[in-house]
file my_file-v2.cif (mmCIF, C-alpha atoms)
data_structure
#
loop_
_atom_site.label_atom_id
_atom_site.label_comp_id
_atom_site.auth_asym_id
_atom_site.auth_seq_id
_atom_site.Cartn_x
_atom_site.Cartn_y
_atom_site.Cartn_z
CA MET A 1 2.13 77.08 -63.42
CA MET A 2 1.21 77.63 -59.78
CA VAL A 3 -1.01 74.93 -58.30
CA GLU A 4 -4.18 76.31 -56.75
CA LEU A 5 -4.86 75.74 -53.05
CA SER A 6 -8.30 74.40 -53.96
CA VAL A 7 -6.72 70.96 -54.57
CA VAL A 8 -6.14 70.55 -50.82
CA GLY A 9 -8.80 68.42 -49.16
CA ILE A 10 -9.06 70.32 -45.88
CA LEU A 11 -9.68 73.53 -47.87
CA ALA A 12 -12.54 72.00 -49.87
CA GLY A 13 -15.57 74.25 -50.06
CA LEU A 14 -13.76 77.54 -49.55
CA ASP A 15 -14.66 80.28 -52.02
CA ASP A 16 -12.10 82.37 -53.88
CA ALA A 17 -12.00 85.06 -51.20
CA ALA A 18 -11.38 82.51 -48.45
CA LEU A 19 -8.66 80.77 -50.50
CA ALA A 20 -7.01 84.14 -51.06
CA ASP A 21 -7.03 84.64 -47.28
CA VAL A 22 -5.33 81.25 -46.80
CA GLU A 23 -2.78 82.10 -49.51
CA ARG A 24 -1.62 85.04 -47.41
CA HIS A 25 -0.73 82.64 -44.58
CA ILE A 26 1.43 80.15 -46.48
CA ASN A 27 4.85 79.75 -48.05
CA ARG A 28 5.32 77.52 -51.08
CA LYS A 29 8.25 75.15 -51.48
CA THR A 30 9.30 72.27 -53.74
CA PHE A 31 11.03 69.17 -52.37
CA SER A 32 13.00 66.92 -54.69
CA SER A 33 12.47 63.16 -54.79
CA GLY A 34 13.83 61.49 -51.66
CA ALA A 35 14.12 64.73 -49.67
CA GLN A 36 13.18 64.68 -45.99
CA ILE A 37 10.29 67.04 -45.38
CA ILE A 38 9.72 66.34 -41.69
CA GLU A 39 12.34 64.93 -39.33
CA PRO A 40 11.12 62.56 -36.58
CA GLU A 41 11.18 63.91 -33.03
CA SER A 42 11.89 67.44 -34.27
CA ASP A 43 10.27 70.39 -32.51
CA SER A 44 8.99 72.04 -35.70
CA SER A 45 5.20 72.29 -35.95
CA ASP A 46 4.59 73.54 -39.49
CA VAL A 47 1.75 72.02 -41.50
CA TYR A 48 2.45 70.90 -45.08
CA LEU A 49 -0.36 71.02 -47.63
CA ILE A 50 0.53 68.76 -50.57
CA LEU A 51 -0.14 70.56 -53.84
CA SER A 52 1.46 68.04 -56.20
CA GLY A 53 3.57 64.91 -55.95
CA LYS A 54 3.47 62.36 -53.15
CA VAL A 55 4.96 61.89 -49.69
CA ARG A 56 5.68 58.79 -47.63
CA ILE A 57 5.18 58.79 -43.87
CA VAL A 58 7.60 56.39 -42.21
CA ASN A 59 8.76 55.38 -38.77
CA TYR A 60 11.57 53.16 -37.61
CA SER A 61 11.62 50.03 -35.45
CA VAL A 62 14.08 49.56 -32.59
CA SER A 63 16.30 47.61 -34.98
CA GLY A 64 16.24 50.51 -37.45
CA ARG A 65 13.94 48.93 -40.04
CA GLU A 66 11.89 51.48 -41.96
CA ILE A 67 8.13 51.01 -41.61
CA THR A 68 5.84 52.80 -44.04
CA LEU A 69 2.76 54.14 -42.29
CA GLU A 70 1.10 55.75 -45.29
CA GLU A 71 1.62 57.44 -48.64
CA ILE A 72 -0.26 60.69 -49.27
CA GLY A 73 -0.63 62.40 -52.63
CA ALA A 74 -1.77 65.77 -53.88
CA GLY A 75 -4.61 67.19 -51.82
CA GLY A 76 -3.44 65.71 -48.53
CA CYS A 77 -1.74 67.33 -45.60
CA VAL A 78 0.87 66.27 -43.06
CA GLY A 79 2.24 67.74 -39.86
CA HIS A 80 -1.05 68.93 -38.43
CA LEU A 81 -0.83 66.73 -35.31
CA SER A 82 2.16 68.67 -33.96
CA ALA A 83 0.53 71.96 -34.93
CA ILE A 84 -2.49 71.00 -32.84
CA ASP A 85 -0.88 69.60 -29.69
CA GLY A 86 2.61 71.13 -29.82
CA GLU A 87 4.30 67.75 -29.29
CA PRO A 88 7.43 66.62 -31.23
CA ARG A 89 7.01 64.96 -34.61
CA SER A 90 5.90 61.34 -34.36
CA ALA A 91 7.17 60.21 -37.79
CA CYS A 92 9.41 61.07 -40.72
CA VAL A 93 7.96 62.42 -43.96
CA LEU A 94 9.84 61.90 -47.24
CA ALA A 95 9.10 63.14 -50.75
CA VAL A 96 8.39 60.14 -53.02
CA ASN A 97 8.88 62.30 -56.12
CA ASN A 98 9.20 66.03 -56.78
CA THR A 99 6.60 67.46 -54.44
CA ASP A 100 5.15 70.95 -54.17
CA VAL A 101 3.81 71.97 -50.77
CA ALA A 102 2.28 74.96 -49.05
CA ILE A 103 3.83 75.43 -45.62
CA VAL A 104 1.67 76.84 -42.83
CA SER A 105 3.10 77.85 -39.46
CA PRO A 106 1.23 76.53 -36.41
CA ALA A 107 0.05 80.05 -35.56
CA ASN A 108 -1.28 80.61 -39.07
CA PHE A 109 -2.82 77.14 -39.14
CA GLU A 110 -4.75 78.07 -36.00
CA LYS A 111 -5.89 81.33 -37.62
CA ILE A 112 -7.09 79.51 -40.75
CA VAL A 113 -9.00 76.91 -38.72
CA LYS A 114 -10.65 79.58 -36.55
CA ASN A 115 -11.45 81.89 -39.46
CA HIS A 116 -12.97 79.14 -41.63
CA PRO A 117 -15.20 76.65 -39.75
CA SER A 118 -15.41 74.32 -42.76
CA VAL A 119 -11.64 73.84 -42.56
CA ALA A 120 -11.96 72.92 -38.88
CA TRP A 121 -14.58 70.29 -39.74
CA ASN A 122 -12.41 68.92 -42.56
CA VAL A 123 -9.46 68.66 -40.17
CA ILE A 124 -11.67 66.70 -37.74
CA HIS A 125 -12.56 64.33 -40.59
CA GLU A 126 -8.86 63.90 -41.38
CA LEU A 127 -8.07 63.12 -37.74
CA ALA A 128 -10.86 60.52 -37.71
CA ARG A 129 -9.34 58.94 -40.84
CA ILE A 130 -5.94 58.75 -39.15
CA VAL A 131 -7.45 57.02 -36.11
CA ARG A 132 -9.30 54.50 -38.28
CA THR A 133 -6.18 53.76 -40.34
CA SER A 134 -4.06 53.32 -37.22
CA THR A 135 -6.67 51.05 -35.62
CA ARG A 136 -6.79 48.88 -38.74
CA ARG A 137 -3.00 48.49 -38.75
CA ILE A 138 -2.95 47.56 -35.06
CA VAL A 139 -5.64 44.93 -35.59
CA ASP A 140 -3.84 43.51 -38.64
CA VAL A 141 -0.48 43.22 -36.87
CA SER A 142 -2.13 41.73 -33.78
CA THR A 143 -4.34 39.17 -35.51
CA LEU A 144 -2.85 38.32 -38.93
CA GLY A 145 0.30 36.50 -39.90
CA ALA A 146 2.78 38.12 -42.27
CA ASN A 147 1.40 36.33 -45.35
CA GLU A 148 -2.17 37.35 -44.54
CA ARG A 149 -1.11 40.97 -43.96
CA VAL A 150 0.37 41.08 -47.45
CA VAL A 151 -2.84 39.71 -48.99
CA ALA A 152 -4.92 42.13 -46.91
CA GLU A 153 -2.86 45.07 -48.18
CA ILE A 154 -3.26 44.02 -51.83
CA LEU A 155 -6.99 43.58 -51.20
CA ARG A 156 -7.33 47.05 -49.67
CA CYS A 157 -5.55 48.60 -52.64
CA ALA A 158 -7.71 46.62 -55.08
CA GLN A 159 -10.92 47.68 -53.35
CA THR A 160 -9.94 51.30 -53.94
CA TYR A 161 -9.76 50.76 -57.71
CA ILE A 162 -12.49 48.15 -58.25
CA ILE A 163 -14.65 48.66 -61.35
CA ASP A 164 -18.09 47.41 -62.39
CA ASP A 165 -16.95 43.95 -63.50
CA GLY A 166 -15.39 43.28 -60.09
CA SER A 167 -11.79 43.56 -61.25
CA ALA A 168 -9.15 46.13 -60.32
CA LEU A 169 -5.90 47.45 -61.71
CA LEU A 170 -3.12 48.69 -59.45
CA SER A 171 -0.90 50.92 -61.56
CA PRO A 172 2.03 50.94 -61.41
CA VAL A 173 2.76 47.47 -60.00
CA PRO A 174 3.19 47.84 -56.21
CA VAL A 175 6.86 47.73 -55.19
CA HIS A 176 7.57 44.76 -52.92
CA SER A 177 9.66 46.80 -50.49
CA ASP A 178 6.86 49.38 -50.18
CA ILE A 179 4.30 46.69 -49.35
CA ALA A 180 6.72 45.13 -46.88
CA GLY A 181 7.14 48.47 -45.13
CA ARG A 182 3.39 49.02 -44.89
CA VAL A 183 2.62 45.62 -43.36
CA SER A 184 5.76 45.17 -41.24
CA THR A 185 7.29 42.19 -42.97
CA SER A 186 10.19 41.39 -45.32
CA ARG A 187 10.45 41.96 -49.05
CA GLU A 188 11.07 38.22 -49.45
CA THR A 189 7.74 37.44 -47.78
CA VAL A 190 5.95 39.82 -50.13
CA ALA A 191 7.60 38.21 -53.16
CA ARG A 192 6.60 34.74 -51.96
CA VAL A 193 2.97 35.73 -51.35
CA MET A 194 2.72 37.52 -54.69
CA GLY A 195 4.01 34.37 -56.39
CA THR A 196 1.32 32.31 -54.67
CA LEU A 197 -1.41 34.75 -55.68
CA ALA A 198 -0.19 34.73 -59.29
CA ARG A 199 -0.15 30.92 -59.46
CA LYS A 200 -3.73 30.83 -58.19
CA GLY A 201 -4.79 33.39 -60.80
CA LEU A 202 -5.75 35.94 -58.17
CA VAL A 203 -3.36 38.56 -59.54
CA ASN A 204 -1.69 39.00 -62.93
CA LYS A 205 1.21 41.30 -63.70
CA ILE A 206 0.47 43.04 -67.00
CA GLU A 207 2.07 45.91 -68.91
CA THR A 208 -0.06 48.58 -67.25
CA GLY A 209 0.14 47.29 -63.66
CA LEU A 210 -1.05 44.55 -61.33
CA HIS A 211 -4.41 43.20 -62.46
CA VAL A 212 -6.79 41.64 -59.94
CA PRO A 213 -9.34 39.74 -62.10
CA ASP A 214 -11.85 39.21 -59.29
CA VAL A 215 -11.53 41.24 -56.10
CA ARG A 216 -14.23 39.12 -54.45
CA ARG A 217 -12.17 35.95 -55.02
CA LEU A 218 -9.16 37.62 -53.43
CA GLU A 219 -11.30 38.54 -50.43
CA GLU A 220 -12.52 34.94 -50.14
CA PHE A 221 -8.94 33.66 -50.36
CA LEU A 222 -7.92 35.92 -47.47
CA SER A 223 -10.91 34.81 -45.40
CA GLU A 224 -10.05 31.16 -45.97
CA SER A 225 -6.39 31.79 -45.09
CA ILE A 226 -7.33 33.39 -41.79
CA HIS A 227 -9.61 30.52 -40.82
#
call {"tool": "encode", "arguments": {"input": "my_file-v2.cif", "output": "structure tokens"}}
result
Amino acid sequence: MMVELSVVGILAGLDDAALADVERHINRKTFSSGAQIIEPESDSSDVYLILSGKVRIVNYSVSGREITLEEIGAGGCVGHLSAIDGEPRSACVLAVNNTDVAIVSPANFEKIVKNHPSVAWNVIHELARIVRTSTRRIVDVSTLGANERVVAEILRCAQTYIIDDGSALLSPVPVHSDIAGRVSTSRETVARVMGTLARKGLVNKIETGLHVPDVRRLEEFLSESIH
């Protein structure tokens, strides 16, 4: 069954006629798990609208260590920075699992943005989100130690899934190597911090995922660690 373009965030609000217009400007493709969708420093400028699945945006340190910048699921888009400024790719994009995308050439991306003002505004919102995310990472790396960065990442994830009783469930359990890549530390450091959090009752590994009984307590623990 073909996934509708309406799932894509930057196309939110378009009516059926407008979505049909966008459909004429795209090519659909499926990437298998682990496939490289965008190569770093390449001159390609296509935009990829994620219809299903998930992608990981990574970069590499001078020593070659992989650093995860972000994971983006269905509804997101990647590659639009190069389509806008024409510069080489700034990161590598990998398919986390089987991922369906709609590929838009830079010329067609420009047509879509100009023909549909709501898309232009949504793209601006997405660029603002990227700036905020990048700023947060810079501040974390500049001001927090490795242990605190791990706790801060778990806290951010928990805040996304917090429910009325103040708890949260991260499902599936976050992979240590993925957390390490996102906060620029080692897998061993993540394992050590997770062990500390578990002993203090701040997180519990259960069958359905990683349970955070009290997100507020986790936040207080991080605040105390920093000070």
call {"tool": "resolve_selection", "arguments": {"input": "my_file-v2.cif", "expression": "the PyMOL selection byres ((chain A and resi 191) around 12)", "output": "number ranges by chain"}}
result
A: 146-147, 150-151, 174-180, 185-190, 192-198
call {"tool": "atom_distance", "arguments": {"input": "my_file-v2.cif", "atom1": "CA of Ser52 (chain A)", "atom2": "CA of Lys29 (chain A)"}}
result
10.9 Å
call {"tool": "resolve_selection", "arguments": {"input": "my_file-v2.cif", "expression": "the PyMOL selection byres ((chain A and resi 18) around 12)", "output": "list in words"}}
result
Leu5, Ser6, Leu11, Ala12, Gly13, Leu14, Asp15, Asp16, Ala17, Leu19, Ala20, Asp21, Val22, Glu23, Arg24, His25, Ile112, Val113, Asn115, His116, Pro117, Ser118 and Val119 of chain A
call {"tool": "atom_distance", "arguments": {"input": "my_file-v2.cif", "atom1": "CA of Leu210 (chain A)", "atom2": "CA of Ala152 (chain A)"}}
result
15.1 Å
call {"tool": "atom_distance", "arguments": {"input": "my_file-v2.cif", "atom1": "CA of Ser223 (chain A)", "atom2": "CA of Thr208 (chain A)"}}
result
28.0 Å
call {"tool": "closest_residue", "arguments": {"input": "my_file-v2.cif", "among": "A:Ala168, A:Ala91, A:Ile67, A:Val101", "to": "Arg137 (chain A)", "atoms": "only C-alpha atoms"}}
result
A:Ile67
call {"tool": "resolve_selection", "arguments": {"input": "my_file-v2.cif", "expression": "the PyMOL selection byres ((chain A and resi 27) around 7)", "output": "ChimeraX atom specification"}}
result
/A:26,28-29,102-104
call {"tool": "write_last_selection", "arguments": {"input": "my_file-v2.cif", "atoms": "C-alpha atoms", "output": "PDB file, in the coordinates of the input"}}
result
ATOM      1  CA  ILE A  26       1.430  80.150 -46.480  1.00  0.00           C
ATOM      2  CA  ARG A  28       5.320  77.520 -51.080  1.00  0.00           C
ATOM      3  CA  LYS A  29       8.250  75.150 -51.480  1.00  0.00           C
ATOM      4  CA  ALA A 102       2.280  74.960 -49.050  1.00  0.00           C
ATOM      5  CA  ILE A 103       3.830  75.430 -45.620  1.00  0.00           C
ATOM      6  CA  VAL A 104       1.670  76.840 -42.830  1.00  0.00           C
TER       7      VAL A 104
END
call {"tool": "closest_residue", "arguments": {"input": "my_file-v2.cif", "among": "A:Lys111, A:Arg129, A:Arg56, A:His80", "to": "Leu94 (chain A)", "atoms": "all atoms listed in the file"}}
result
A:Arg56
call {"tool": "closest_residue", "arguments": {"input": "my_file-v2.cif", "among": "A:Leu222, A:Val141, A:Ile163, A:Val93", "to": "Glu41 (chain A)", "atoms": "all atoms listed in the file"}}
result
A:Val93
call {"tool": "closest_residue", "arguments": {"input": "my_file-v2.cif", "among": "A:Gly209, A:Ile37, A:Ser184, A:Leu202", "to": "Leu170 (chain A)", "atoms": "all atoms listed in the file"}}
result
A:Gly209
call {"tool": "residues_around", "arguments": {"input": "my_file-v2.cif", "residues": "Ser134 (chain A)", "least_positions_apart": "6", "cutoff": "12 Å", "atoms": "all atoms listed in the file", "output": "PyMOL selection string"}}
result
chain A and resi 69-70+127-128+140-141+182-183
call {"tool": "residues_around", "arguments": {"input": "my_file-v2.cif", "residues": "Pro213 (chain A)", "least_positions_apart": "3", "cutoff": "12 Å", "atoms": "only C-alpha atoms", "output": "VMD selection string"}}
result
chain A and resid 155 158 to 159 161 to 170 197 to 198 200 to 206 210 216 to 219
call {"tool": "write_last_selection", "arguments": {"input": "my_file-v2.cif", "atoms": "C-alpha atoms", "output": "short mmCIF file (atom, residue, chain, number, x, y, z; two decimals), keeping the file's coordinate frame"}}
result
data_model
loop_
_atom_site.label_atom_id
_atom_site.label_comp_id
_atom_site.auth_asym_id
_atom_site.auth_seq_id
_atom_site.Cartn_x
_atom_site.Cartn_y
_atom_site.Cartn_z
CA LEU A 155 -6.99 43.58 -51.20
CA ALA A 158 -7.71 46.62 -55.08
CA GLN A 159 -10.92 47.68 -53.35
CA TYR A 161 -9.76 50.76 -57.71
CA ILE A 162 -12.49 48.15 -58.25
CA ILE A 163 -14.65 48.66 -61.35
CA ASP A 164 -18.09 47.41 -62.39
CA ASP A 165 -16.95 43.95 -63.50
CA GLY A 166 -15.39 43.28 -60.09
CA SER A 167 -11.79 43.56 -61.25
CA ALA A 168 -9.15 46.13 -60.32
CA LEU A 169 -5.90 47.45 -61.71
CA LEU A 170 -3.12 48.69 -59.45
CA LEU A 197 -1.41 34.75 -55.68
CA ALA A 198 -0.19 34.73 -59.29
CA LYS A 200 -3.73 30.83 -58.19
CA GLY A 201 -4.79 33.39 -60.80
CA LEU A 202 -5.75 35.94 -58.17
CA VAL A 203 -3.36 38.56 -59.54
CA ASN A 204 -1.69 39.00 -62.93
CA LYS A 205 1.21 41.30 -63.70
CA ILE A 206 0.47 43.04 -67.00
CA LEU A 210 -1.05 44.55 -61.33
CA ARG A 216 -14.23 39.12 -54.45
CA ARG A 217 -12.17 35.95 -55.02
CA LEU A 218 -9.16 37.62 -53.43
CA GLU A 219 -11.30 38.54 -50.43
#
call {"tool": "decode", "arguments": {"input": "my_file-v2.cif", "residues": "region 179-191 of chain A", "atoms": "N, CA and C atoms", "output": "PDB file, in the first residue's frame"}}
result
ATOM      1  N   ILE A 179      22.964   5.934  22.395  1.00  0.00           N
ATOM      2  CA  ILE A 179      23.064   7.052  23.332  1.00  0.00           C
ATOM      3  C   ILE A 179      24.471   7.623  23.306  1.00  0.00           C
ATOM      4  N   ALA A 180      25.458   6.740  23.310  1.00  0.00           N
ATOM      5  CA  ALA A 180      26.859   7.188  23.292  1.00  0.00           C
ATOM      6  C   ALA A 180      27.134   8.058  22.071  1.00  0.00           C
ATOM      7  N   GLY A 181      26.601   7.649  20.923  1.00  0.00           N
ATOM      8  CA  GLY A 181      26.803   8.430  19.711  1.00  0.00           C
ATOM      9  C   GLY A 181      26.146   9.788  19.778  1.00  0.00           C
ATOM     10  N   ARG A 182      24.979   9.862  20.426  1.00  0.00           N
ATOM     11  CA  ARG A 182      24.256  11.130  20.497  1.00  0.00           C
ATOM     12  C   ARG A 182      24.911  12.126  21.449  1.00  0.00           C
ATOM     13  N   VAL A 183      25.582  11.636  22.478  1.00  0.00           N
ATOM     14  CA  VAL A 183      26.143  12.554  23.481  1.00  0.00           C
ATOM     15  C   VAL A 183      27.667  12.577  23.466  1.00  0.00           C
ATOM     16  N   SER A 184      28.266  11.988  22.448  1.00  0.00           N
ATOM     17  CA  SER A 184      29.718  12.030  22.261  1.00  0.00           C
ATOM     18  C   SER A 184      30.484  11.450  23.448  1.00  0.00           C
ATOM     19  N   THR A 185      30.171  10.212  23.776  1.00  0.00           N
ATOM     20  CA  THR A 185      30.911   9.523  24.820  1.00  0.00           C
ATOM     21  C   THR A 185      31.026   8.057  24.429  1.00  0.00           C
ATOM     22  N   SER A 186      31.507   7.220  25.353  1.00  0.00           N
ATOM     23  CA  SER A 186      31.696   5.805  25.057  1.00  0.00           C
ATOM     24  C   SER A 186      30.507   4.979  25.524  1.00  0.00           C
ATOM     25  N   ARG A 187      30.352   3.803  24.938  1.00  0.00           N
ATOM     26  CA  ARG A 187      29.305   2.878  25.337  1.00  0.00           C
ATOM     27  C   ARG A 187      29.493   2.447  26.795  1.00  0.00           C
ATOM     28  N   GLU A 188      30.754   2.316  27.210  1.00  0.00           N
ATOM     29  CA  GLU A 188      31.043   1.925  28.588  1.00  0.00           C
ATOM     30  C   GLU A 188      30.557   2.971  29.581  1.00  0.00           C
ATOM     31  N   THR A 189      30.714   4.246  29.219  1.00  0.00           N
ATOM     32  CA  THR A 189      30.231   5.326  30.084  1.00  0.00           C
ATOM     33  C   THR A 189      28.718   5.261  30.213  1.00  0.00           C
ATOM     34  N   VAL A 190      28.047   5.025  29.104  1.00  0.00           N
ATOM     35  CA  VAL A 190      26.581   4.918  29.140  1.00  0.00           C
ATOM     36  C   VAL A 190      26.160   3.768  30.046  1.00  0.00           C
ATOM     37  N   ALA A 191      26.811   2.621  29.903  1.00  0.00           N
ATOM     38  CA  ALA A 191      26.466   1.454  30.721  1.00  0.00           C
ATOM     39  C   ALA A 191      26.665   1.761  32.202  1.00  0.00           C
TER      40      ALA A 191
END
